[in-house]
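Colleague: Could you have a look at this structure, given as structure tokens, before my questions?
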Amino acid sequence: MKHLLYLLCILTLVACGTTKKQVEQQPVVSIQFNADSAYQFCAAQCQFGPRTMNSEAHEQCAQWIAQKFQQYGYQVELQKADLKGYDGTLLKSTNIIAHSSSLASRPSRILICAHWDSRPWADNDPDSANWRKPVMAANDGASGVAVMLELARLIQQHDSLNVAVDFICFDAEDWGIPQWDETGDGTDSWALGAQYWAKSQQQKGNSQPSYNYAILLDMVGGQGAKFYQEGYSLQKAGQIVEKVWRAASAAGYGSTFPMKEGGGVTDDHVPVNDIANIPCIDIINYYPDCPQSSFGPTWHTVNDDMQHIDKNTLQAVGQTLLQVIYNE
């Protein structure tokens with residue numbers, strides 16, 4: 001899924017230029033993110049089991065996610081597509097797109113997204129006996145969707161935004177070539193649902209209003225997680241990185257969002273930037289001292305379950321996003 005690509009040290013220095021005065025001048029949002037609610041949304045997805053492509057759990061969870069967005073006043077579009085995995089497997093993919101009903105009165109739009117599918121192979125597990133087992137994906141998938149659902153619930157209750165906020169749950173993100181496979185073609189094998197959506201946006205051209213910017217949430221519920229500034233985000237959407245990390249400081253979560261770069265990763269934000277031409281950043285956990293993976297000890301293992309989800313991490317990310325969107 002996410003492979004470290006490069007370090008952009010110079011851009012890090014630019015991103016770190018946010019001053020204390022800028023942070024202090026930003027009004028603090030009074031609306032409180034409910035981490036207990038987000039935690040339950042995360043657990044509800046996991047109750048279906050691993051949401052691997054072409055599985056019954058995958059289909060059931062898609063219906064549940066769509067119904068929750070509809071419950072909170074969103075118009076839901078199910079973008080279905082038959083996509084081909086790295087190994088030739090036909091993947092029945094569904095991007096779940098939740099459109100704000102307030103676009104007419106608020107022509108400016110922003111997009112918040114996450115992937116909702118589960119990794120079919122725990123190929124980074126320390127026990128090789130688990131490498132072909134599916135991942136529950138509590139953090140690597142469900143946590144991002146959970147934060148988005150709680151945001152949608154709060155937006156319905158506090159409808160005072162100056163912008164319309166849409167949500168997308170990307171599918172088929174995690175079917176990328178496993179570490180144990182030496183025969184498959186890994187080129188563009190990740191983020192298949194995001195690639196499909198981005199191409200559809202490109203084909204529409206100017207036929208509909210575009211987004212001012214987008215924010216991708218990936219692995220936003222892990223224990224002890226910190227969110228360094230991702231390298232590709234700095235390169236493609238540095239001003240949005242600055243906006244979000246400034247908001248985190250204003251909301252009181254500067255220690256969770258350090259003004260440091262964590263390297264670049266391949267993720268759903270790449271096609272959103274490169275194909276759809278929408279400035280998109282990636283809020284993704286980074287563990288610089290974890291020997292197993294810089295994405296944390298549970299990444300692509302059978303231990304990515306609810307026992308390793310931290311409400312404090314969900315709170316930090318959710319409150320930061322409230323700070324962003326209600327200051328637009």
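In the structure tokens, each chain is lettered A, B, ... as it comes, each chain's residues begin at 1, and ligands are numbered from 1 in order of appearance.
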Name the residues in contact with A:Gly221 at a cut-off of 9 Å, using only C-alpha atoms, excluding same-chain residues fewer than 3 positions from it; report them as a ChimeraX atom specification.

Modeller: /A:39,138-140,142-144,147,218,224-225,285,308-315,317

Colleague: Name the residues of stretch 195-246 of chain A that fall into helix (DSSP H, G or I) according to DSSP on the backbone, using the chain letters and numbers of this document, as a ChimeraX atom specification.

Modeller: /A:195-204,231-246

Colleague: Once you count only C-alpha atoms, what closest atom pair and distance in Å to one decimal does each residue of stretch 110-197 of chain A within 8 Å of stretch 91-102 of chain A have, with rows by chain and rising residue number, as a tab-separated table?

Modeller:
residue	atom	partner	partner_atom	distance
A:Ala164	CA	A:Ser100	CA	5.9
A:Val165	CA	A:Ser100	CA	5.9
A:Asp166	CA	A:His99	CA	5.0
A:Phe167	CA	A:Ala98	CA	5.0
A:Ile168	CA	A:Ile97	CA	4.5
A:Cys169	CA	A:Ile96	CA	5.0
A:Phe170	CA	A:Asn95	CA	4.9
A:Asp171	CA	A:Asn95	CA	5.3
A:Ala172	CA	A:Ser93	CA	6.3
A:Gly193	CA	A:Asn95	CA	6.4
A:Trp197	CA	A:Asn95	CA	7.7

Colleague: List as a ChimeraX atom specification the protein and nucleic acid residues near stretch 228-242 of chain A, meaning an atom at most 6 Å away when only C-alpha atoms are counted, but skip any in the same chain fewer than 6 places from it.

Modeller: /A:8,15,257-258,260-264,279,281

Colleague: Save the residues we just selected, N, CA and C atoms, as a tab-separated table (two decimals), in the first residue's frame?

Modeller:
chain	number	residue	atom	x	y	z
A	8	LEU	N	11.82	15.19	1.56
A	8	LEU	CA	11.85	16.54	0.99
A	8	LEU	C	12.21	17.52	2.10
A	15	ALA	N	7.44	24.26	5.42
A	15	ALA	CA	6.23	23.93	6.16
A	15	ALA	C	6.35	24.29	7.62
A	257	PHE	N	0.59	16.34	15.83
A	257	PHE	CA	0.88	16.76	14.47
A	257	PHE	C	2.18	17.57	14.48
A	258	PRO	N	3.34	16.92	14.66
A	258	PRO	CA	4.60	17.66	14.73
A	258	PRO	C	4.94	18.31	13.39
A	260	LYS	N	7.19	18.26	11.38
A	260	LYS	CA	8.32	17.53	10.82
A	260	LYS	C	7.82	16.68	9.66
A	261	GLU	N	8.71	16.41	8.71
A	261	GLU	CA	8.33	15.59	7.58
A	261	GLU	C	8.54	14.12	7.87
A	262	GLY	N	7.62	13.29	7.37
A	262	GLY	CA	7.72	11.86	7.57
A	262	GLY	C	8.03	11.08	6.31
A	263	GLY	N	8.41	11.76	5.24
A	263	GLY	CA	8.68	11.07	4.00
A	263	GLY	C	7.44	10.94	3.13
A	264	GLY	N	7.63	10.57	1.88
A	264	GLY	CA	6.51	10.45	0.95
A	264	GLY	C	6.00	9.03	0.84
A	279	PRO	N	-5.72	19.55	-5.30
A	279	PRO	CA	-4.69	19.54	-4.25
A	279	PRO	C	-5.15	18.70	-3.08
A	281	ILE	N	-3.88	16.36	0.45
A	281	ILE	CA	-2.85	15.96	1.40
A	281	ILE	C	-3.25	14.66	2.07

Colleague: Go ahead and compute the interatomic distance for atom CA of A:Ser55 and atom CA of A:Gln70, in Å to one decimal.

Modeller: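 These two atoms are separated by 23.3 Å.
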
Colleague: May I have the residues within 12 Å of stretch 244-250 of chain A as an NGL selection string, using only C-alpha atoms and disregarding those fewer than 6 positions away in the same chain?

Modeller: :A and (15-30 or 213-216 or 226-230 or 233-234 or 237-238 or 256-261 or 280-283 or 315-328)

Colleague: Pick out the closest residue to A:Trp175 from this set: A:Ala251, A:Ile31, A:Leu83, A:Leu217. Count only C-alpha atoms.

Modeller: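 Result for the nearest residue to A:Trp175: A:Leu83.
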
Colleague: Step one, run DSSP on the backbone; step two, keep only residues of stretch 132-231 of chain A assigned to strand (DSSP E); then write them as a ChimeraX atom specification.

Modeller: /A:164-170,213-218,229-230

Colleague: From the set A:Leu192, A:Ala38, A:Ile278, A:Ile284, which residue has the shortest atom-to-atom contact distance to A:Arg153, counting only C-alpha atoms?

Modeller: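 Among the listed residues, A:Ala38 lies closest to A:Arg153.
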
Colleague: Enter the distance from atom CA of A:Asp305 to atom CA of A:Leu154, in Å, rounded to one decimal.

Modeller: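 So the two atoms, atom CA of A:Asp305 and atom CA of A:Leu154, lie 25.7 Å apart.
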
Colleague: Applying 12 Å and only C-alpha atoms, which residues near A:Lys68 remain after dropping the ones on its own chain fewer than 3 positions away? List them as a list in words.

Modeller: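 So the residues in contact are Phe41, Ala44, Gln45, Cys61, Ala62, Gln63, Trp64, Ile65, Gln71, Tyr72, Gly73, Tyr74, Gln75, Val76, Ile96, Ala98, Val145, Ala146, Met148, Leu149, Glu150, Leu151, Ala152 and Arg153 of chain A.
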
Colleague: Restricted to N, CA and C atoms, what would the selected residues look like written as an mmCIF file, in the first residue's frame?

Modeller:
data_model
loop_
_atom_site.group_PDB
_atom_site.id
_atom_site.type_symbol
_atom_site.label_atom_id
_atom_site.label_comp_id
_atom_site.auth_asym_id
_atom_site.auth_seq_id
_atom_site.Cartn_x
_atom_site.Cartn_y
_atom_site.Cartn_z
ATOM 1 N N PHE A 41 -18.182 3.706 15.457
ATOM 2 C CA PHE A 41 -18.255 3.574 14.002
ATOM 3 C C PHE A 41 -17.150 2.648 13.486
ATOM 4 N N ALA A 44 -18.113 -0.939 14.457
ATOM 5 C CA ALA A 44 -19.231 -1.446 13.657
ATOM 6 C C ALA A 44 -18.749 -1.994 12.325
ATOM 7 N N GLN A 45 -17.772 -1.332 11.715
ATOM 8 C CA GLN A 45 -17.210 -1.848 10.456
ATOM 9 C C GLN A 45 -16.505 -3.187 10.685
ATOM 10 N N CYS A 61 -20.867 -4.171 4.486
ATOM 11 C CA CYS A 61 -20.330 -2.951 5.073
ATOM 12 C C CYS A 61 -20.568 -1.753 4.168
ATOM 13 N N ALA A 62 -20.492 -1.950 2.858
ATOM 14 C CA ALA A 62 -20.760 -0.856 1.922
ATOM 15 C C ALA A 62 -22.163 -0.311 2.124
ATOM 16 N N GLN A 63 -23.130 -1.213 2.263
ATOM 17 C CA GLN A 63 -24.507 -0.785 2.480
ATOM 18 C C GLN A 63 -24.640 -0.027 3.795
ATOM 19 N N TRP A 64 -23.944 -0.496 4.828
ATOM 20 C CA TRP A 64 -24.018 0.157 6.135
ATOM 21 C C TRP A 64 -23.426 1.568 6.077
ATOM 22 N N ILE A 65 -22.277 1.721 5.445
ATOM 23 C CA ILE A 65 -21.643 3.038 5.335
ATOM 24 C C ILE A 65 -22.548 4.002 4.574
ATOM 25 N N GLN A 71 -28.293 8.852 6.550
ATOM 26 C CA GLN A 71 -28.918 9.210 7.825
ATOM 27 C C GLN A 71 -28.528 10.617 8.253
ATOM 28 N N TYR A 72 -27.321 11.045 7.889
ATOM 29 C CA TYR A 72 -26.828 12.364 8.282
ATOM 30 C C TYR A 72 -27.032 13.414 7.199
ATOM 31 N N GLY A 73 -27.957 13.126 6.286
ATOM 32 C CA GLY A 73 -28.391 14.142 5.342
ATOM 33 C C GLY A 73 -27.602 14.230 4.051
ATOM 34 N N TYR A 74 -26.761 13.254 3.783
ATOM 35 C CA TYR A 74 -25.947 13.280 2.569
ATOM 36 C C TYR A 74 -26.604 12.489 1.444
ATOM 37 N N GLN A 75 -26.402 12.947 0.219
ATOM 38 C CA GLN A 75 -26.842 12.234 -0.969
ATOM 39 C C GLN A 75 -25.717 11.284 -1.373
ATOM 40 N N VAL A 76 -25.999 10.005 -1.414
ATOM 41 C CA VAL A 76 -24.957 8.996 -1.611
ATOM 42 C C VAL A 76 -24.973 8.471 -3.035
ATOM 43 N N ILE A 96 -17.796 4.884 -2.364
ATOM 44 C CA ILE A 96 -18.991 5.432 -1.711
ATOM 45 C C ILE A 96 -18.802 6.939 -1.593
ATOM 46 N N ALA A 98 -20.358 10.613 -0.772
ATOM 47 C CA ALA A 98 -21.409 11.306 -0.025
ATOM 48 C C ALA A 98 -21.366 12.785 -0.375
ATOM 49 N N VAL A 145 -12.758 6.060 7.891
ATOM 50 C CA VAL A 145 -14.194 6.116 7.638
ATOM 51 C C VAL A 145 -14.938 6.528 8.902
ATOM 52 N N ALA A 146 -14.507 6.032 10.048
ATOM 53 C CA ALA A 146 -15.156 6.362 11.314
ATOM 54 C C ALA A 146 -15.067 7.851 11.609
ATOM 55 N N MET A 148 -14.763 10.214 9.405
ATOM 56 C CA MET A 148 -15.617 10.912 8.440
ATOM 57 C C MET A 148 -17.091 10.820 8.827
ATOM 58 N N LEU A 149 -17.531 9.658 9.298
ATOM 59 C CA LEU A 149 -18.931 9.518 9.698
ATOM 60 C C LEU A 149 -19.263 10.422 10.885
ATOM 61 N N GLU A 150 -18.343 10.513 11.835
ATOM 62 C CA GLU A 150 -18.594 11.397 12.971
ATOM 63 C C GLU A 150 -18.608 12.857 12.531
ATOM 64 N N LEU A 151 -17.753 13.223 11.592
ATOM 65 C CA LEU A 151 -17.789 14.585 11.053
ATOM 66 C C LEU A 151 -19.127 14.855 10.368
ATOM 67 N N ALA A 152 -19.610 13.894 9.582
ATOM 68 C CA ALA A 152 -20.896 14.067 8.905
ATOM 69 C C ALA A 152 -22.025 14.239 9.916
ATOM 70 N N ARG A 153 -21.969 13.482 10.994
ATOM 71 C CA ARG A 153 -23.004 13.596 12.040
ATOM 72 C C ARG A 153 -22.979 14.977 12.681
#
